[in-house]
>>> print(open('work_12.txt').read())   # compact mmCIF, N, CA and C atoms and all ligand atoms
# COMPACT_ATOMS: atom_id res chain seq x y z
N MET T 226 -65.93 98.03 21.56
CA MET T 226 -65.25 97.62 20.33
C MET T 226 -63.79 98.06 20.39
N LEU T 227 -62.90 97.14 20.23
CA LEU T 227 -61.49 97.48 20.30
C LEU T 227 -60.97 97.90 18.93
N SER T 228 -60.11 98.88 18.94
CA SER T 228 -59.54 99.29 17.65
C SER T 228 -58.54 98.23 17.19
N LYS T 229 -58.34 98.20 15.90
CA LYS T 229 -57.40 97.23 15.33
C LYS T 229 -55.99 97.46 15.89
N HIS T 230 -55.63 98.76 16.03
CA HIS T 230 -54.30 99.09 16.51
C HIS T 230 -54.09 98.57 17.93
N TRP T 231 -55.07 98.81 18.75
CA TRP T 231 -54.96 98.38 20.14
C TRP T 231 -54.79 96.87 20.23
N LYS T 232 -55.57 96.18 19.46
CA LYS T 232 -55.48 94.72 19.48
C LYS T 232 -54.11 94.22 19.04
N SER T 233 -53.56 94.82 17.99
CA SER T 233 -52.27 94.34 17.52
C SER T 233 -51.17 94.68 18.53
N HIS T 234 -51.32 95.82 19.23
CA HIS T 234 -50.33 96.19 20.24
C HIS T 234 -50.36 95.18 21.39
N VAL T 235 -51.53 94.87 21.87
CA VAL T 235 -51.65 93.90 22.96
C VAL T 235 -51.15 92.54 22.50
N GLY T 236 -51.46 92.17 21.29
CA GLY T 236 -51.00 90.88 20.77
C GLY T 236 -49.49 90.80 20.76
N TYR T 237 -48.84 91.89 20.43
CA TYR T 237 -47.38 91.89 20.40
C TYR T 237 -46.82 91.74 21.81
N ARG T 238 -47.39 92.49 22.78
CA ARG T 238 -46.91 92.39 24.16
C ARG T 238 -47.11 90.98 24.70
N LEU T 239 -48.25 90.40 24.43
CA LEU T 239 -48.50 89.04 24.89
C LEU T 239 -47.49 88.08 24.30
N SER T 240 -47.15 88.27 23.05
CA SER T 240 -46.21 87.34 22.42
C SER T 240 -44.84 87.46 23.07
N GLN T 241 -44.49 88.66 23.57
CA GLN T 241 -43.21 88.81 24.27
C GLN T 241 -43.23 88.05 25.59
N VAL T 242 -44.31 88.22 26.31
CA VAL T 242 -44.40 87.64 27.66
C VAL T 242 -44.30 86.12 27.62
N ARG T 243 -44.97 85.52 26.66
CA ARG T 243 -45.05 84.07 26.69
C ARG T 243 -44.05 83.41 25.74
N ALA T 244 -43.12 84.22 25.18
CA ALA T 244 -42.31 83.73 24.07
C ALA T 244 -41.67 82.37 24.30
N VAL T 245 -40.91 82.24 25.37
CA VAL T 245 -40.14 81.01 25.50
C VAL T 245 -40.97 79.87 26.07
N SER T 246 -41.74 80.16 27.11
CA SER T 246 -42.51 79.09 27.72
C SER T 246 -43.54 78.54 26.75
N ASP T 247 -43.95 79.36 25.79
CA ASP T 247 -44.98 78.93 24.87
C ASP T 247 -44.41 78.49 23.52
N ALA T 248 -43.08 78.32 23.46
CA ALA T 248 -42.46 78.00 22.17
C ALA T 248 -43.08 76.75 21.56
N ARG T 249 -43.34 75.79 22.39
CA ARG T 249 -43.87 74.54 21.85
C ARG T 249 -45.25 74.74 21.23
N SER T 250 -46.10 75.52 21.90
CA SER T 250 -47.44 75.69 21.34
C SER T 250 -47.40 76.55 20.08
N VAL T 251 -46.46 77.51 20.04
CA VAL T 251 -46.30 78.30 18.81
C VAL T 251 -45.92 77.36 17.67
N LYS T 252 -44.94 76.51 17.94
CA LYS T 252 -44.49 75.58 16.91
C LYS T 252 -45.61 74.62 16.50
N ASP T 253 -46.39 74.21 17.48
CA ASP T 253 -47.45 73.25 17.19
C ASP T 253 -48.57 73.85 16.33
N ARG T 254 -48.69 75.18 16.35
CA ARG T 254 -49.73 75.81 15.53
C ARG T 254 -49.31 75.95 14.07
N VAL T 255 -48.01 75.78 13.82
CA VAL T 255 -47.50 75.99 12.47
C VAL T 255 -47.29 74.64 11.79
N ARG T 256 -47.91 74.45 10.64
CA ARG T 256 -47.67 73.22 9.88
C ARG T 256 -46.32 73.36 9.18
N PRO T 257 -45.40 72.41 9.40
CA PRO T 257 -44.09 72.52 8.76
C PRO T 257 -44.20 72.72 7.25
N GLU T 258 -45.17 72.07 6.63
CA GLU T 258 -45.32 72.23 5.18
C GLU T 258 -45.59 73.69 4.81
N ASP T 259 -46.49 74.34 5.54
CA ASP T 259 -46.80 75.75 5.27
C ASP T 259 -45.58 76.63 5.52
N PHE T 260 -44.90 76.34 6.64
CA PHE T 260 -43.73 77.15 6.97
C PHE T 260 -42.68 77.10 5.86
N TYR T 261 -42.34 75.89 5.42
CA TYR T 261 -41.27 75.77 4.43
C TYR T 261 -41.69 76.34 3.08
N GLN T 262 -42.96 76.19 2.72
CA GLN T 262 -43.41 76.79 1.45
C GLN T 262 -43.22 78.30 1.50
N ARG T 263 -43.53 78.87 2.66
CA ARG T 263 -43.41 80.32 2.79
C ARG T 263 -41.93 80.73 2.88
N ALA T 264 -41.14 79.94 3.59
CA ALA T 264 -39.75 80.33 3.88
C ALA T 264 -38.82 80.11 2.69
N ILE T 265 -39.01 79.02 1.97
CA ILE T 265 -38.03 78.70 0.91
C ILE T 265 -38.67 78.35 -0.42
N GLY T 266 -39.97 78.58 -0.56
CA GLY T 266 -40.61 78.39 -1.85
C GLY T 266 -41.21 77.02 -2.03
N PRO T 267 -41.64 76.74 -3.27
CA PRO T 267 -42.37 75.49 -3.52
C PRO T 267 -41.56 74.26 -3.14
N LEU T 268 -42.25 73.27 -2.59
CA LEU T 268 -41.62 72.00 -2.25
C LEU T 268 -41.96 71.00 -3.35
N SER T 269 -40.96 70.25 -3.77
CA SER T 269 -41.23 69.25 -4.80
C SER T 269 -41.25 67.86 -4.18
N GLY T 270 -41.87 66.94 -4.88
CA GLY T 270 -41.97 65.57 -4.40
C GLY T 270 -43.27 65.33 -3.65
N ARG T 271 -43.43 64.09 -3.22
CA ARG T 271 -44.62 63.70 -2.47
C ARG T 271 -44.21 62.99 -1.21
N GLY T 272 -45.16 62.78 -0.33
CA GLY T 272 -44.87 62.03 0.88
C GLY T 272 -44.33 62.91 1.99
N THR T 273 -43.69 62.27 2.96
CA THR T 273 -43.25 62.98 4.15
C THR T 273 -42.07 63.89 3.89
N TRP T 274 -41.11 63.39 3.10
CA TRP T 274 -39.92 64.19 2.83
C TRP T 274 -40.06 64.86 1.46
N ARG T 275 -39.93 66.20 1.43
CA ARG T 275 -40.02 66.96 0.19
C ARG T 275 -38.68 67.65 -0.06
N SER T 276 -38.53 68.14 -1.28
CA SER T 276 -37.27 68.78 -1.66
C SER T 276 -37.48 70.26 -1.95
N ALA T 277 -36.43 71.03 -1.68
CA ALA T 277 -36.46 72.46 -1.98
C ALA T 277 -35.02 72.93 -2.16
N ARG T 278 -34.88 74.14 -2.69
CA ARG T 278 -33.53 74.71 -2.81
C ARG T 278 -33.01 75.08 -1.43
N CYS T 279 -31.74 74.75 -1.22
CA CYS T 279 -31.13 74.94 0.10
C CYS T 279 -30.68 76.39 0.27
N PRO T 280 -31.09 77.05 1.35
CA PRO T 280 -30.64 78.43 1.59
C PRO T 280 -29.27 78.50 2.26
N PHE T 281 -28.69 77.34 2.61
CA PHE T 281 -27.43 77.35 3.35
C PHE T 281 -26.21 77.27 2.44
N HIS T 282 -26.41 76.91 1.20
CA HIS T 282 -25.30 77.03 0.24
C HIS T 282 -25.86 77.58 -1.06
N VAL T 283 -25.11 78.48 -1.68
CA VAL T 283 -25.60 79.19 -2.85
C VAL T 283 -24.55 79.11 -3.94
N PRO T 284 -24.90 78.90 -5.20
CA PRO T 284 -26.29 78.58 -5.57
C PRO T 284 -26.56 77.09 -5.46
N ASP T 285 -27.79 76.77 -5.12
CA ASP T 285 -28.23 75.37 -5.11
C ASP T 285 -29.04 75.14 -6.38
N LYS T 286 -28.37 74.64 -7.41
CA LYS T 286 -29.02 74.53 -8.72
C LYS T 286 -30.12 73.47 -8.73
N HIS T 287 -29.88 72.39 -8.00
CA HIS T 287 -30.91 71.36 -7.89
C HIS T 287 -31.39 71.37 -6.44
N PRO T 288 -32.66 71.13 -6.25
CA PRO T 288 -33.16 71.15 -4.85
C PRO T 288 -32.47 70.08 -4.00
N SER T 289 -31.59 70.52 -3.12
CA SER T 289 -30.80 69.58 -2.31
C SER T 289 -31.33 69.43 -0.90
N LEU T 290 -32.16 70.37 -0.50
CA LEU T 290 -32.64 70.33 0.88
C LEU T 290 -33.86 69.41 0.98
N ARG T 291 -33.80 68.49 1.94
CA ARG T 291 -34.95 67.63 2.21
C ARG T 291 -35.61 68.12 3.49
N VAL T 292 -36.92 68.34 3.42
CA VAL T 292 -37.63 68.76 4.62
C VAL T 292 -38.74 67.77 4.93
N ASN T 293 -38.92 67.49 6.20
CA ASN T 293 -39.96 66.57 6.65
C ASN T 293 -41.20 67.41 6.97
N VAL T 294 -42.26 67.24 6.17
CA VAL T 294 -43.42 68.12 6.33
C VAL T 294 -44.28 67.73 7.54
N GLU T 295 -43.92 66.66 8.22
CA GLU T 295 -44.65 66.30 9.44
C GLU T 295 -43.94 66.76 10.70
N THR T 296 -42.62 66.54 10.75
CA THR T 296 -41.88 66.91 11.96
C THR T 296 -41.14 68.24 11.83
N GLY T 297 -40.90 68.69 10.60
CA GLY T 297 -40.14 69.92 10.39
C GLY T 297 -38.64 69.69 10.29
N ALA T 298 -38.19 68.44 10.46
CA ALA T 298 -36.76 68.16 10.36
C ALA T 298 -36.26 68.50 8.95
N TRP T 299 -34.97 68.85 8.85
CA TRP T 299 -34.43 69.25 7.55
C TRP T 299 -32.99 68.82 7.43
N ARG T 300 -32.58 68.53 6.20
CA ARG T 300 -31.21 68.08 5.94
C ARG T 300 -30.87 68.37 4.50
N CYS T 301 -29.68 68.93 4.28
CA CYS T 301 -29.23 69.21 2.92
C CYS T 301 -28.29 68.09 2.47
N MET T 302 -28.61 67.49 1.32
CA MET T 302 -27.81 66.39 0.81
C MET T 302 -26.51 66.89 0.18
N ALA T 303 -26.41 68.18 -0.08
CA ALA T 303 -25.22 68.74 -0.71
C ALA T 303 -24.24 69.33 0.31
N CYS T 304 -24.72 70.20 1.19
CA CYS T 304 -23.79 70.89 2.10
C CYS T 304 -23.81 70.31 3.51
N GLY T 305 -24.77 69.43 3.80
CA GLY T 305 -24.78 68.77 5.11
C GLY T 305 -25.47 69.54 6.21
N ALA T 306 -26.00 70.74 5.92
CA ALA T 306 -26.74 71.48 6.94
C ALA T 306 -27.93 70.64 7.38
N HIS T 307 -28.21 70.64 8.69
CA HIS T 307 -29.34 69.85 9.15
C HIS T 307 -29.81 70.33 10.51
N GLY T 308 -31.06 69.99 10.84
CA GLY T 308 -31.61 70.34 12.14
C GLY T 308 -32.89 69.58 12.37
N GLY T 309 -33.38 69.67 13.61
CA GLY T 309 -34.50 68.82 14.00
C GLY T 309 -35.87 69.42 13.86
N ASP T 310 -35.97 70.76 13.70
CA ASP T 310 -37.31 71.33 13.58
C ASP T 310 -37.24 72.70 12.92
N ILE T 311 -38.42 73.35 12.80
CA ILE T 311 -38.46 74.62 12.09
C ILE T 311 -37.81 75.74 12.89
N LEU T 312 -37.79 75.64 14.22
CA LEU T 312 -37.10 76.66 15.00
C LEU T 312 -35.59 76.57 14.76
N ALA T 313 -35.07 75.36 14.68
CA ALA T 313 -33.64 75.19 14.38
C ALA T 313 -33.33 75.73 12.99
N PHE T 314 -34.27 75.57 12.06
CA PHE T 314 -34.08 76.10 10.72
C PHE T 314 -33.97 77.63 10.75
N ILE T 315 -34.88 78.29 11.46
CA ILE T 315 -34.87 79.75 11.54
C ILE T 315 -33.59 80.23 12.22
N MET T 316 -33.19 79.56 13.32
CA MET T 316 -31.98 79.95 14.04
C MET T 316 -30.76 79.87 13.13
N SER T 317 -30.66 78.79 12.36
CA SER T 317 -29.50 78.59 11.50
C SER T 317 -29.51 79.55 10.32
N ARG T 318 -30.66 79.68 9.68
CA ARG T 318 -30.72 80.50 8.47
C ARG T 318 -30.52 81.98 8.79
N ASP T 319 -31.17 82.44 9.88
CA ASP T 319 -31.16 83.87 10.17
C ASP T 319 -30.18 84.25 11.27
N GLY T 320 -29.47 83.27 11.83
CA GLY T 320 -28.50 83.57 12.88
C GLY T 320 -29.16 84.10 14.15
N LEU T 321 -30.31 83.53 14.51
CA LEU T 321 -31.06 84.04 15.65
C LEU T 321 -30.93 83.12 16.86
N SER T 322 -31.18 83.70 18.03
CA SER T 322 -31.27 82.89 19.26
C SER T 322 -32.58 82.12 19.23
N PHE T 323 -32.71 81.18 20.13
CA PHE T 323 -33.94 80.40 20.24
C PHE T 323 -35.14 81.33 20.47
N ARG T 324 -34.97 82.26 21.40
CA ARG T 324 -36.06 83.19 21.74
C ARG T 324 -36.47 84.02 20.51
N ASP T 325 -35.48 84.55 19.79
CA ASP T 325 -35.81 85.37 18.62
C ASP T 325 -36.43 84.53 17.51
N ALA T 326 -36.03 83.28 17.43
CA ALA T 326 -36.63 82.39 16.42
C ALA T 326 -38.10 82.14 16.74
N VAL T 327 -38.42 82.01 18.03
CA VAL T 327 -39.82 81.83 18.43
C VAL T 327 -40.64 83.05 18.04
N TRP T 328 -40.09 84.24 18.31
CA TRP T 328 -40.81 85.48 17.95
C TRP T 328 -41.00 85.57 16.45
N THR T 329 -39.95 85.25 15.72
CA THR T 329 -40.03 85.33 14.26
C THR T 329 -41.11 84.38 13.74
N LEU T 330 -41.12 83.20 14.29
CA LEU T 330 -42.10 82.21 13.83
C LEU T 330 -43.52 82.67 14.15
N GLU T 331 -43.73 83.17 15.33
CA GLU T 331 -45.08 83.58 15.70
C GLU T 331 -45.52 84.80 14.89
N ARG T 332 -44.65 85.78 14.75
CA ARG T 332 -45.03 86.97 13.97
C ARG T 332 -45.28 86.61 12.52
N GLY T 333 -44.38 85.81 11.96
CA GLY T 333 -44.51 85.47 10.55
C GLY T 333 -45.76 84.69 10.25
N TYR T 334 -46.11 83.82 11.17
CA TYR T 334 -47.24 82.95 10.90
C TYR T 334 -48.57 83.66 11.01
N HIS T 335 -48.62 84.70 11.86
CA HIS T 335 -49.92 85.35 12.09
C HIS T 335 -50.11 86.59 11.23
N GLN T 336 -49.14 86.95 10.43
CA GLN T 336 -49.29 88.16 9.60
C GLN T 336 -50.25 87.92 8.45
ZN ZN B 401 -27.17 73.02 1.40
>>> encode(input="work_12.txt", output="structure tokens", more="lines below")
Ligand SMILES: [Zn+2]
Amino acid sequence: MLSKHWKSHVGYRLSQVRAVSDARSVKDRVRPEDFYQRAIGPLSGRGTWRSARCPFHVPDKHPSLRVNVETGAWRCMACGAHGGDILAFIMSRDGLSFRDAVWTLERGYHQ
């Protein structure tokens, strides 16, 4: 029987080893809809493109950010911030490298 601590330690090391080569599979395990709900709060609207408050310009009084809950693409109708997927969103919002964005996504999703 493995202790919880040991398992979490090994899980962290494994996530370091495979971080970049496995970026695609990490991203594929995360539903863009779940990610954006967690990252920027409730999404309004229906269908593929939903709206949320934009974290790239403050204050965003009306939800200006459009996010695609299938592909993860995002675009702000007010400030023009945009990107093609949830990793690009994390990199832009948090000022992270691609590798650090992969780690952030994997850690955040499995907590
Ligand atoms: Zn914006």
>>> select_by_dssp(input="work_12.txt", residues="segment 297-328 of chain T", states="strand (DSSP E)", output="VMD selection string")
chain T and resid 299 to 301 307 to 308
>>> residues_around(input="work_12.txt", residues="Pro284 of chain T", least_positions_apart="5", cutoff="12 Å", atoms="only C-alpha atoms", output="list in words")
Arg278, Cys279, Ser289, Ala303 and Cys304 of chain T
>>> closest_residue(input="work_12.txt", among="T:Asp285, T:Asp319, T:Asp325, T:Asp310", to="ligand ZN 401 (chain B)", atoms="only N, CA and C atoms and all ligand atoms")
T:Asp285
>>> atom_distance(input="work_12.txt", atom1="atom CA of Arg318 of chain T", atom2="atom CA of Gly270 of chain T")
22.7 Å
>>> select_by_dssp(input="work_12.txt", residues="segment 228-328 of chain T", states="helix (DSSP H, G or I)", output="PyMOL selection string")
chain T and resi 229-242+248-254+257-265+311-319+323-328
>>> atom_distance(input="work_12.txt", atom1="atom CA of Ile315 of chain T", atom2="atom CA of Arg332 of chain T")
12.7 Å
